[in-house]
Each structure stands twice: as structure tokens, then as C-alpha cells.
Amino acid sequence: MTTSTVEPDFHWRKIWLGYGLSVVISLVIGLPLTIAFENSWWLAWVGVAGLFISSLLVARQAKTGEPLNGAMIALLYFGTFAVIYLVGQTLELLPDPLPGLAADDSTFSFVWPLAQIIAGTAGSLVGGIGLDKEAE
């Protein structure tokens, strides 16, 4: 009788570590830049870069280029930072994402989440490059 091991679609422990890493990158690098330059795009783009890096590292650690892992990191990250932005904008603690535009302008609300999901899945795919060859 042979035993087969089936790889899970999601590597939850690594996903949570990737999520934590992306949050730390955003808070340590992005938040000071946002405050210094009074522009929310700094936090957004540093967060996108952090998502790419953390998804890439998760793919390498999980030894799979499965994009679902990166997408889950991006989903968790978006949920957290959407609340932070909503509270920050409501309490007027964060600067407007696009100074000079109306508060209901949807550019930031559309571009930022789209960039997050792209960064998460792309990081996983790039992190998985060459892993198939290593397994052989």
C-alpha cells in the first residue's frame, strides 16, 4: 500500500506570517512616510510592496507558487487596512489620499485594492519560480 501526500491549497501558518510581515512593513515604513509627506499614497504603495515581498517569501517557504496563498494574504491585509483608513479618514487623522480631489473620489478606493491583489498573487507566482525544478 502506498501513501500519498496531498499538498494543501492554503498554507495557513505561512499565510498568517506573511500577513504579519506585510502589516509590519506598512506600519514601520509606510506610516512614517505618510505622516512626513502628508499623503496616504505612501502607506498604500509601501503596503503593496510589502504584500509582494511577503507573498514571495511565503511561496519560497511553502515551496509552492500557489497564487491563492498570496491572494489570502492580500485579502487579510485589505480587511485590516480598509478599517484603518476608514477610521483614520473619519477621525481626520490621515491625510486625503488624493489632495485636492473630492472626498468621494473613487480612484484611491479602486486602484489600491486592485494593486494589493495583484501584488499578493504576483509575489506568490514569482516566489514559486524554479520550485518545480527543485522538486525533481
# chains A, B, ... in the order shown; residues from 1 in each chain; ligands from 1
>>> residues_around(residues="Leu33 (chain A)", least_positions_apart="4", cutoff="8 Å", atoms="only C-alpha atoms", output="list in words")
Ile29, Phe37, Glu38, Trp42 and Leu43 of chain A
>>> residues_around(residues="Thr80 (chain A)", least_positions_apart="2", cutoff="12 Å", atoms="only C-alpha atoms", output="ChimeraX atom specification")
/A:19-20,22-23,26-27,47,73-78,82-87,113
>>> write_last_selection(atoms="C-alpha atoms", output="compact mmCIF listing (two decimals), in the first residue's frame")
# COMPACT_ATOMS: atom_id res chain seq x y z
CA TYR A 19 0.21 38.88 6.64
CA GLY A 20 2.08 39.88 9.80
CA SER A 22 3.23 42.93 5.37
CA VAL A 23 1.50 44.76 8.25
CA SER A 26 3.42 49.06 6.28
CA LEU A 27 3.47 50.38 9.82
CA GLY A 47 1.86 48.24 1.72
CA ILE A 73 -2.52 37.49 2.43
CA ALA A 74 -3.82 40.39 0.32
CA LEU A 75 -7.40 39.76 1.46
CA LEU A 76 -6.45 39.76 5.15
CA TYR A 77 -4.27 42.83 4.65
CA PHE A 78 -7.01 44.70 2.81
CA ALA A 82 -9.51 49.30 4.94
CA VAL A 83 -10.69 49.63 8.54
CA ILE A 84 -7.59 51.66 9.45
CA TYR A 85 -8.17 54.02 6.50
CA LEU A 86 -11.89 54.32 7.23
CA VAL A 87 -11.30 55.19 10.88
CA PRO A 113 -7.26 47.16 -3.53
>>> residues_around(residues="Leu68 (chain A)", least_positions_apart="4", cutoff="8 Å", atoms="only C-alpha atoms", output="ChimeraX atom specification")
/A:9-10,72,121
>>> closest_residue(among="A:Leu21, A:Glu7, A:Ser109, A:Ala119", to="Pro67 (chain A)", atoms="only C-alpha atoms")
A:Ala119
>>> residues_around(residues="Ser124 (chain A)", least_positions_apart="4", cutoff="12 Å", atoms="only C-alpha atoms", output="PyMOL selection string")
chain A and resi 10-11+14-15+18+51-74+117-120+128-129+131
>>> closest_residue(among="A:Ala122, A:Leu31, A:Val24, A:Leu91", to="Trp45 (chain A)", atoms="only C-alpha atoms")
A:Leu31
>>> select_by_dssp(residues="chain A", states="alpha helix (DSSP H)", output="ChimeraX atom specification")
/A:12-25,31-37,41-62,67-90,107-127,131-135
